[in-house]
Protein chains: 2
Amino acid sequence: MTDTATSRIRLRDRLSAALPDGRVIVDTDITSSYARDQAVWAPAGVPIAVVRPRSTAEVQTTVRICIESGTPIVPRGAGTGLSGGANAVDGCVVLAMESMDAIQAIDPLERLAIVQPGVVNDQLRAAVAKKGLWYPPDPSSAPWSTIGGNVATNAGGVCCVKYGVTRDYVLALEVVTGLGDVVQLGRRTAKGVAGYDLAGLMVGSEGTLGIVTGVTVRLRPAPDHQRTIAGYFDSVGDAGDAVEAVAAAGLTPSALELMDRRCLVAVDEWKGMGLSADADVILLGRIDTPGSVGDDEAARMSRCFTGAGATWAAVSTDEAEAEALFAARRLAYPALERLGPVLTEDVCVPKGRVAEMLRRIEAIGVEHDTVIANLAHAGDGNLHPLLIVDDGDAAAEDRAQRAFTAIIDAAVELGGTVTGEHGVGLLKRDGLHKEFAPEVLAMHHAVKAALDPHGILNPGKAF
Amino acid sequence: MTDTATSRIRLRDRLSAALPDGRVIVDTDITSSYARDQAVWAPAGVPIAVVRPRSTAEVQTTVRICIESGTPIVPRGAGTGLSGGANAVDGCVVLAMESMDAIQAIDPLERLAIVQPGVVNDQLRAAVAKKGLWYPPDPSSAPWSTIGGNVATNAGGVCCVKYGVTRDYVLALEVVTGLGDVVQLGRRTAKGVAGYDLAGLMVGSEGTLGIVTGVTVRLRPAPDHQRTIAGYFDSVGDAGDAVEAVAAAGLTPSALELMDRRCLVAVDEWKGMGLSADADVILLGRIDTPGSVGDDEAARMSRCFTGAGATWAAVSTDEAEAEALFAARRLAYPALERLGPVLTEDVCVPKGRVAEMLRRIEAIGVEHDTVIANLAHAGDGNLHPLLIVDDGDAAAEDRAQRAFTAIIDAAVELGGTVTGEHGVGLLKRDGLHKEFAPEVLAMHHAVKAALDPHGILNPGKAF
């Protein structure tokens, strides 16, 4: 037996001896199912073991054993990530946090909830809704993705355009550090400036600076009545102009989503909704400003759509119709996945460059002979061009990879960022080097080395 | 001449040679006026020189010379800080950023402004207001304090209870690092998760991790019509109960301020407003929800005040009267300063503990025979007990110091933090050690060492 094989067996034995029965999984049929997230084409290694802890103490035990043995740890929520951030590296322990799924407290007075990282986003939202409260971050993965995973990637969603991203809702974190300590970061109070914002630093760090074992989130009162404004357009460019017009009018929509023809056709083919007969591109806006002021804002948004060239625009008066349009938005991604592997982009550009960026994406698709569908949180400039390739077509894959890179380059050129809400993971590391100067990357390395001196926390991810 | 004296002269000469005329000040009559902020009793050292840069390049030149010579740098905005964060350390260069005061861009479409750090808060607010926009953070020091200083302390203000603090409005920073590099941190887009949140980490770090030379702030549309709700109470405890009742009712005021009898008397003695004849404690609330929904919320807040024992409560129907009440709130601090040196506390406790904390502060004042006036951003639990001492009374100073410590201990015991918005500076370092575990302090030291390896950036501050 090789030295490596011996040391792997020794590590598994140490973990099994230190943790309760059932926590350590070494059966490769099972461990392989924990080896990657949903990022198409991101490489994944082979883990030595998967640990499914049920307490902070068990996480700490695992981290300490990995520190002593120099074993990389890859933390993982539900595995719905789209950048490869949760993909195993060879010889690692995957720390699957799904079983730490307790909602420990919901405090309506302080408007906060305390949860374990494995709580599913939609479960938290449902639990706080029962108390008249709202946890805004709503990534498309909300029915499956965990709060811990949302924290790791600073997840966004439809509501961000008005209500911000995960970091805006994280008050405090419990973290097992790169030294194997359990620490409380952040605070429970509404305000606080004691010390560095280490809780904020952990959010979006993709498990490279610490393992999150507890999350205190800020809540809001239940949202007000939403009005839905729909606009149909002949081109993505016109729809992009409408997004700019909404911003220029000083409106703050609570959602402003875009679906292009490829999305509409895919949804129609799957669910027979008949959307693509009416429009090439649909913009879906929402306004939740209370009362007649909100009614007025909704009418103004509709006029912005018309002014930018919408073939049809209206404030919906039919709740069921409005819900159907947002249902189509939610179905677009799985509808496209039915057509083949989907490589999901996640660039974000300034609002004034949305139209230009959408036009460039269209041109890039033509240039690289790649089918690109556009789903977008258009209101905040966060675009998700979806590159679709026939399964197993290596030449098409290669063209799609080049289109992917061209989209990143265009976003950076337009003053944007390579990732709006999915994280860098593995897929955006090259892009990050285009966005950041070497001095900024050096600061990342310095912070990483400071907080993970043994270099075991999700190595090779995020930058 | 001693070695130290020689090296000081050499440093002054190097700075003077490398920077344009007038930037380097060595006249001790002037440099001494740059040696401390407004924190009573915080120690201040003697600077070697004050540098007043006019460009990022001049800051970089200064930092590089200080790195080479191992000279500490203390950055400084307007010197309105209340924790000693800008106080000179012996042998330092004070970097006075006041001359870098250009508003470089205001972009209504992207809702952002780009400013140099020396821009005064009120100047920025006035400039963006002309374009129908709003920069919310509104510390009491807004007429004098700079955006750079606000970033250093993550400044808050009256609006925070609904609109958040400085960090919530910082999109991007230009920073001269501890290695003397100029870097761009953060982004211009509405969303972005590329890399660690180093911009957020800089906010509130009190100049210990980098020198901020440019700030891109997020703006909001101009605020809606504000309704003012006033409540008069017989005790701080009753007023605290009213704060809890407002939170429990699910209301989100855009301001909820408290002034106790000592504040009211001080304002009356100065300005003859006659407030103290009517009330022992005043709560001032604001609601900016649009339309009839906001009217209803204002009425509900008034009922919360009455239900908690207000002797009088009403929604103001008189704009001038409402403005006078908020003017009194702004005057309270300078009115108290007329009575003697004011040691300003800045604890923040959970909303449900405000009443208890106010009662404890009252008891601490009695126990330590110290006059304590209470001004508070009560709605977010951020209390500013103001300890007032006769000038030169050493025994009273000593008692006040003990009361100060007792207040910090009480706040931590109630689940609060030692500083809500003023920063740690020098005055709260002991308190921080009560709030943070040794492992968390070790993380601070590690991050500090990573980003300021020469240890020259505002050493000894913040933790």
# chains A, B, ... in the order shown; residues from 1 in each chain; ligands from 1
call {"tool": "closest_atom_pairs", "arguments": {"of": "chain B", "to": "chain A", "cutoff": "6 Å", "atoms": "only C-alpha atoms", "output": "tab-separated table"}}
result
residue	atom	partner	partner_atom	distance
B:Leu109	CA	A:Ala248	CA	5.1
B:Thr189	CA	A:Pro350	CA	4.9
B:Ala190	CA	A:Asp380	CA	5.5
B:Lys191	CA	A:Gly420	CA	5.2
B:Gly192	CA	A:Gly420	CA	4.0
B:Val193	CA	A:Gly420	CA	5.5
B:Ala194	CA	A:Thr419	CA	5.7
B:Tyr196	CA	A:Ser205	CA	5.7
B:Asp197	CA	A:Leu201	CA	5.5
B:Leu201	CA	A:Asp197	CA	5.5
B:Ser205	CA	A:Tyr196	CA	5.7
B:Ala247	CA	A:Leu109	CA	5.7
B:Ala248	CA	A:Leu109	CA	5.1
B:Val349	CA	A:Thr189	CA	5.7
B:Pro350	CA	A:Thr189	CA	4.9
B:Asp380	CA	A:Ala190	CA	5.5
B:Thr419	CA	A:Ala194	CA	5.7
B:Gly420	CA	A:Gly192	CA	4.0
B:Glu421	CA	A:Val193	CA	5.7
B:Gly423	CA	A:Val193	CA	5.6
B:Ala446	CA	A:Ala450	CA	5.2
B:Val447	CA	A:Ala450	CA	5.9
B:Ala450	CA	A:Ala446	CA	5.2
call {"tool": "residues_around", "arguments": {"residues": "Asp318 in chain A", "least_positions_apart": "6", "cutoff": "12 Å", "atoms": "only C-alpha atoms", "output": "list of chain:residue names"}}
result
A:Gln226, A:Arg227, A:Thr228, A:Ile229, A:Ala230, A:Ala324, A:Leu325
call {"tool": "closest_residue", "arguments": {"among": "A:Pro20, A:Pro253, A:Gly455, A:Gly77", "to": "Val120 in chain A", "atoms": "only C-alpha atoms"}}
result
A:Gly77
call {"tool": "residues_around", "arguments": {"residues": "range 358-367 of chain B", "least_positions_apart": "4", "cutoff": "12 Å", "atoms": "only C-alpha atoms", "output": "PyMOL selection string"}}
result
chain B and resi 235-241+243+258-262+281+345+347-349+351-354+371-376+378+381-389+396+399-411+413-414
call {"tool": "closest_residue", "arguments": {"among": "B:Leu457, B:Met357, B:Ala266, B:Leu426", "to": "Ala42 in chain B", "atoms": "only C-alpha atoms"}}
result
B:Leu426
call {"tool": "select_by_dssp", "arguments": {"residues": "range 182-284 of chain B", "states": "alpha helix (DSSP H)", "output": "compact mmCIF listing (two decimals) with N, CA, C and O atoms, in the first residue's frame"}}
result
# COMPACT_ATOMS: atom_id res chain seq x y z
N LEU B 198 -13.42 43.35 0.47
CA LEU B 198 -12.35 44.15 1.07
C LEU B 198 -12.78 45.61 1.25
O LEU B 198 -12.33 46.28 2.19
N ALA B 199 -13.67 46.09 0.38
CA ALA B 199 -14.18 47.45 0.58
C ALA B 199 -14.95 47.52 1.90
O ALA B 199 -14.76 48.43 2.70
N GLY B 200 -15.83 46.54 2.11
CA GLY B 200 -16.58 46.50 3.36
C GLY B 200 -15.67 46.35 4.57
O GLY B 200 -15.94 46.92 5.64
N LEU B 201 -14.59 45.59 4.40
CA LEU B 201 -13.64 45.41 5.51
C LEU B 201 -12.97 46.72 5.88
O LEU B 201 -12.72 47.00 7.06
N MET B 202 -12.68 47.55 4.87
CA MET B 202 -12.04 48.85 5.13
C MET B 202 -12.98 49.77 5.91
O MET B 202 -12.52 50.57 6.74
N VAL B 236 -37.44 57.68 31.57
CA VAL B 236 -36.75 57.03 30.45
C VAL B 236 -37.23 55.59 30.28
O VAL B 236 -37.28 55.07 29.16
N GLY B 237 -37.60 54.97 31.38
CA GLY B 237 -38.10 53.59 31.30
C GLY B 237 -39.37 53.51 30.46
O GLY B 237 -39.50 52.64 29.58
N ASP B 238 -40.31 54.42 30.72
CA ASP B 238 -41.54 54.44 29.92
C ASP B 238 -41.22 54.68 28.45
O ASP B 238 -41.80 54.05 27.55
N ALA B 239 -40.32 55.61 28.19
CA ALA B 239 -39.95 55.90 26.80
C ALA B 239 -39.33 54.66 26.15
O ALA B 239 -39.59 54.35 24.98
N GLY B 240 -38.50 53.95 26.91
CA GLY B 240 -37.91 52.71 26.41
C GLY B 240 -38.99 51.68 26.10
O GLY B 240 -38.92 50.96 25.09
N ASP B 241 -40.00 51.60 26.96
CA ASP B 241 -41.11 50.68 26.68
C ASP B 241 -41.81 51.07 25.38
O ASP B 241 -42.26 50.20 24.62
N ALA B 242 -41.92 52.36 25.13
CA ALA B 242 -42.56 52.83 23.89
C ALA B 242 -41.74 52.41 22.66
O ALA B 242 -42.30 52.02 21.63
N VAL B 243 -40.42 52.48 22.78
CA VAL B 243 -39.55 52.03 21.68
C VAL B 243 -39.82 50.56 21.37
O VAL B 243 -39.96 50.16 20.21
N GLU B 244 -39.92 49.76 22.43
CA GLU B 244 -40.20 48.34 22.24
C GLU B 244 -41.57 48.14 21.61
O GLU B 244 -41.75 47.29 20.73
N ALA B 245 -42.55 48.94 22.05
CA ALA B 245 -43.91 48.81 21.51
C ALA B 245 -43.95 49.13 20.02
O ALA B 245 -44.66 48.48 19.24
N VAL B 246 -43.17 50.13 19.60
CA VAL B 246 -43.10 50.49 18.17
C VAL B 246 -42.54 49.32 17.36
O VAL B 246 -43.08 48.96 16.30
N ALA B 247 -41.47 48.70 17.88
CA ALA B 247 -40.88 47.55 17.18
C ALA B 247 -41.86 46.39 17.16
O ALA B 247 -42.04 45.73 16.13
N ALA B 248 -42.51 46.15 18.29
CA ALA B 248 -43.45 45.01 18.38
C ALA B 248 -44.64 45.21 17.45
O ALA B 248 -45.23 44.24 16.97
N ARG B 261 -34.57 64.57 30.33
CA ARG B 261 -34.77 65.86 31.00
C ARG B 261 -33.51 66.74 30.98
O ARG B 261 -33.58 67.94 30.77
N ARG B 262 -32.34 66.11 31.19
CA ARG B 262 -31.10 66.90 31.24
C ARG B 262 -30.83 67.55 29.88
O ARG B 262 -30.34 68.68 29.82
N CYS B 263 -31.14 66.85 28.82
CA CYS B 263 -30.97 67.44 27.48
C CYS B 263 -31.96 68.59 27.30
O CYS B 263 -31.60 69.66 26.79
N LEU B 264 -33.21 68.34 27.68
CA LEU B 264 -34.25 69.36 27.47
C LEU B 264 -33.93 70.63 28.25
O LEU B 264 -34.06 71.74 27.73
N VAL B 265 -33.48 70.46 29.49
CA VAL B 265 -33.15 71.63 30.31
C VAL B 265 -31.97 72.38 29.69
O VAL B 265 -31.98 73.62 29.62
N ALA B 266 -30.97 71.63 29.22
CA ALA B 266 -29.79 72.29 28.64
C ALA B 266 -30.18 73.09 27.40
O ALA B 266 -29.70 74.21 27.19
N VAL B 267 -31.05 72.52 26.57
CA VAL B 267 -31.51 73.24 25.37
C VAL B 267 -32.33 74.46 25.79
O VAL B 267 -32.16 75.56 25.24
N ASP B 268 -33.20 74.28 26.77
CA ASP B 268 -34.03 75.40 27.24
C ASP B 268 -33.16 76.54 27.78
O ASP B 268 -33.42 77.71 27.51
N GLU B 269 -32.16 76.17 28.58
CA GLU B 269 -31.31 77.21 29.18
C GLU B 269 -30.55 78.00 28.12
O GLU B 269 -30.25 79.17 28.30
N TRP B 270 -30.26 77.32 27.01
CA TRP B 270 -29.49 77.95 25.95
C TRP B 270 -30.40 78.72 25.00
O TRP B 270 -30.14 79.87 24.66
N LYS B 271 -31.48 78.08 24.60
CA LYS B 271 -32.31 78.62 23.52
C LYS B 271 -33.72 79.01 23.95
O LYS B 271 -34.50 79.50 23.13
